[in-house]
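Participant: First the structure, which I've put down as structure tokens, then a few questions once you've had a look.
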Amino acid sequence: MVKHIVCFKLAEPTQELLAKTRDILLSMKGKVDLVKELEVGVDFLKSERSYDIILQVVLEDEKALEEYQRDEYHCNVVKKHMHAVASSSISVDYYI
């Protein structure tokens, strides 16, 4: 199993945009079959080094991670939104 984690800083992290972004990330449940588990969290601390929102996804293996990166819904809905609203992101992928 592989865990894929992405942290995003939004260009304008309003409560409305954070809620919309959370909902769009969560919308992959049931729409991206490769995803075994999905968790989204919104930062409450708001420190200087904090990121605004985190996505954690569990996938079967590296092949599934590669396919996930090309998944139609993930690309056309989720990535499209994230590229429009995020000012930066960081990620880590590891075996669990």
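All residue names refer to the structure tokens as shown: chains lettered A, B, ... in order, residues numbered from 1 in each chain, ligands numbered from 1 in order.
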Which residues are near Val78 of chain A? Cut-off 9 Å, only C-alpha atoms, ignore same chain within fewer than 3 positions. Put them as a list of chain:residue names.

Facilitator: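 Answer for this query is A:Thr21, A:Ile24, A:Leu25, A:Ser27, A:Met28, A:Tyr73, A:His74, A:Cys75, A:His81, A:Met82, A:His83.
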
Participant: DSSP says strand (DSSP E or B) for which residues of chain A? Put them as a PyMOL selection string?

Facilitator: chain A and resi 2-10+37-42+53-59+86-95

Participant: Include N, CA and C atoms and write out the residues we just selected as a CSV table (one decimal), in the first residue's frame.

Facilitator:
```csv
chain,number,residue,atom,x,y,z
A,2,VAL,N,0.4,2.3,-0.6
A,2,VAL,CA,1.1,3.6,-0.7
A,2,VAL,C,0.2,4.7,-0.1
A,3,LYS,N,0.8,5.6,0.6
A,3,LYS,CA,0.1,6.8,1.1
A,3,LYS,C,0.7,8.0,0.3
A,4,HIS,N,-0.2,8.8,-0.2
A,4,HIS,CA,0.1,10.0,-1.0
A,4,HIS,C,-0.5,11.1,-0.2
A,5,ILE,N,0.4,12.1,0.2
A,5,ILE,CA,0.0,13.2,1.1
A,5,ILE,C,0.4,14.5,0.3
A,6,VAL,N,-0.6,15.4,0.2
A,6,VAL,CA,-0.3,16.7,-0.4
A,6,VAL,C,-0.8,17.8,0.6
A,7,CYS,N,0.0,18.8,0.9
A,7,CYS,CA,-0.4,19.9,1.6
A,7,CYS,C,-0.4,21.1,0.7
A,8,PHE,N,-1.5,21.9,0.8
A,8,PHE,CA,-1.7,23.1,-0.1
A,8,PHE,C,-1.8,24.4,0.7
A,9,LYS,N,-1.2,25.4,0.2
A,9,LYS,CA,-1.4,26.8,0.6
A,9,LYS,C,-2.3,27.4,-0.4
A,10,LEU,N,-3.4,28.0,0.0
A,10,LEU,CA,-4.3,28.7,-1.0
A,10,LEU,C,-3.9,30.1,-1.1
A,37,GLU,N,-8.5,4.8,0.6
A,37,GLU,CA,-8.9,5.6,1.8
A,37,GLU,C,-8.6,7.1,1.4
A,38,LEU,N,-9.4,8.0,1.9
A,38,LEU,CA,-9.2,9.4,1.6
A,38,LEU,C,-9.5,10.2,2.9
A,39,GLU,N,-8.6,11.2,3.2
A,39,GLU,CA,-8.8,12.0,4.3
A,39,GLU,C,-8.4,13.5,3.9
A,40,VAL,N,-9.2,14.4,4.3
A,40,VAL,CA,-8.9,15.8,4.1
A,40,VAL,C,-9.0,16.6,5.4
A,41,GLY,N,-8.1,17.5,5.6
A,41,GLY,CA,-8.1,18.3,6.8
A,41,GLY,C,-7.8,19.7,6.5
A,42,VAL,N,-8.5,20.6,7.3
A,42,VAL,CA,-8.2,22.1,7.2
A,42,VAL,C,-7.5,22.5,8.4
A,53,ILE,N,-4.6,23.3,3.8
A,53,ILE,CA,-5.4,22.1,3.7
A,53,ILE,C,-4.5,20.9,3.3
A,54,ILE,N,-4.9,19.7,3.8
A,54,ILE,CA,-4.1,18.5,3.5
A,54,ILE,C,-5.0,17.4,2.9
A,55,LEU,N,-4.4,16.7,1.9
A,55,LEU,CA,-5.1,15.6,1.3
A,55,LEU,C,-4.2,14.4,1.6
A,56,GLN,N,-4.9,13.3,2.1
A,56,GLN,CA,-4.2,12.0,2.3
A,56,GLN,C,-5.0,11.0,1.6
A,57,VAL,N,-4.3,10.2,0.7
A,57,VAL,CA,-4.9,9.2,-0.1
A,57,VAL,C,-4.1,7.9,0.1
A,58,VAL,N,-4.8,6.8,0.3
A,58,VAL,CA,-4.2,5.5,0.3
A,58,VAL,C,-4.5,4.7,-1.0
A,59,LEU,N,-3.5,4.2,-1.7
A,59,LEU,CA,-3.7,3.5,-2.9
A,59,LEU,C,-3.0,2.1,-2.8
A,86,ALA,N,-4.5,27.2,-5.5
A,86,ALA,CA,-3.3,27.0,-4.6
A,86,ALA,C,-2.2,27.9,-5.0
A,87,SER,N,-1.5,28.5,-4.1
A,87,SER,CA,-0.3,29.2,-4.4
A,87,SER,C,1.0,28.3,-4.3
A,88,SER,N,0.9,27.2,-3.5
A,88,SER,CA,2.0,26.3,-3.4
A,88,SER,C,1.5,25.0,-2.8
A,89,SER,N,2.3,23.9,-3.0
A,89,SER,CA,2.0,22.6,-2.4
A,89,SER,C,3.2,21.9,-2.2
A,90,ILE,N,3.2,20.9,-1.3
A,90,ILE,CA,4.3,20.0,-1.0
A,90,ILE,C,3.6,18.6,-1.0
A,91,SER,N,4.4,17.6,-1.2
A,91,SER,CA,3.8,16.2,-1.2
A,91,SER,C,4.9,15.2,-0.7
A,92,VAL,N,4.4,14.1,-0.2
A,92,VAL,CA,5.2,13.0,0.1
A,92,VAL,C,4.4,11.7,-0.2
A,93,ASP,N,5.2,10.7,-0.7
A,93,ASP,CA,4.6,9.4,-1.0
A,93,ASP,C,5.4,8.4,-0.3
A,94,TYR,N,4.8,7.4,0.4
A,94,TYR,CA,5.6,6.4,1.1
A,94,TYR,C,4.8,5.1,1.2
A,95,TYR,N,5.5,4.0,1.4
A,95,TYR,CA,4.9,2.7,1.6
A,95,TYR,C,4.3,2.6,3.0
```

Participant: Tell me which of A:Asp43, A:Ala19, A:Leu34, A:Glu48 sits closest to Lys63 of chain A, counting only C-alpha atoms.

Facilitator: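 Using only C-alpha atoms, Lys63 of chain A sits closest to A:Leu34.
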
Participant: Could you work out how far atom CA of Ala84 of chain A lies from atom CA of Lys20 of chain A, giving the answer in Å with one decimal?

Facilitator: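 Straight-line distance from atom CA of Lys20 of chain A to atom CA of Ala84 of chain A works out to 12.6 Å.
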
Participant: Atom CA of Ala11 of chain A and atom CA of Val77 of chain A, how far apart in Å?

Facilitator: 18.4 Å

Participant: Could you tell me which of A:Val35, A:Ile96, A:Tyr68, A:Asp52 comes closest to Leu17 of chain A if we count only C-alpha atoms?

Facilitator: A:Asp52
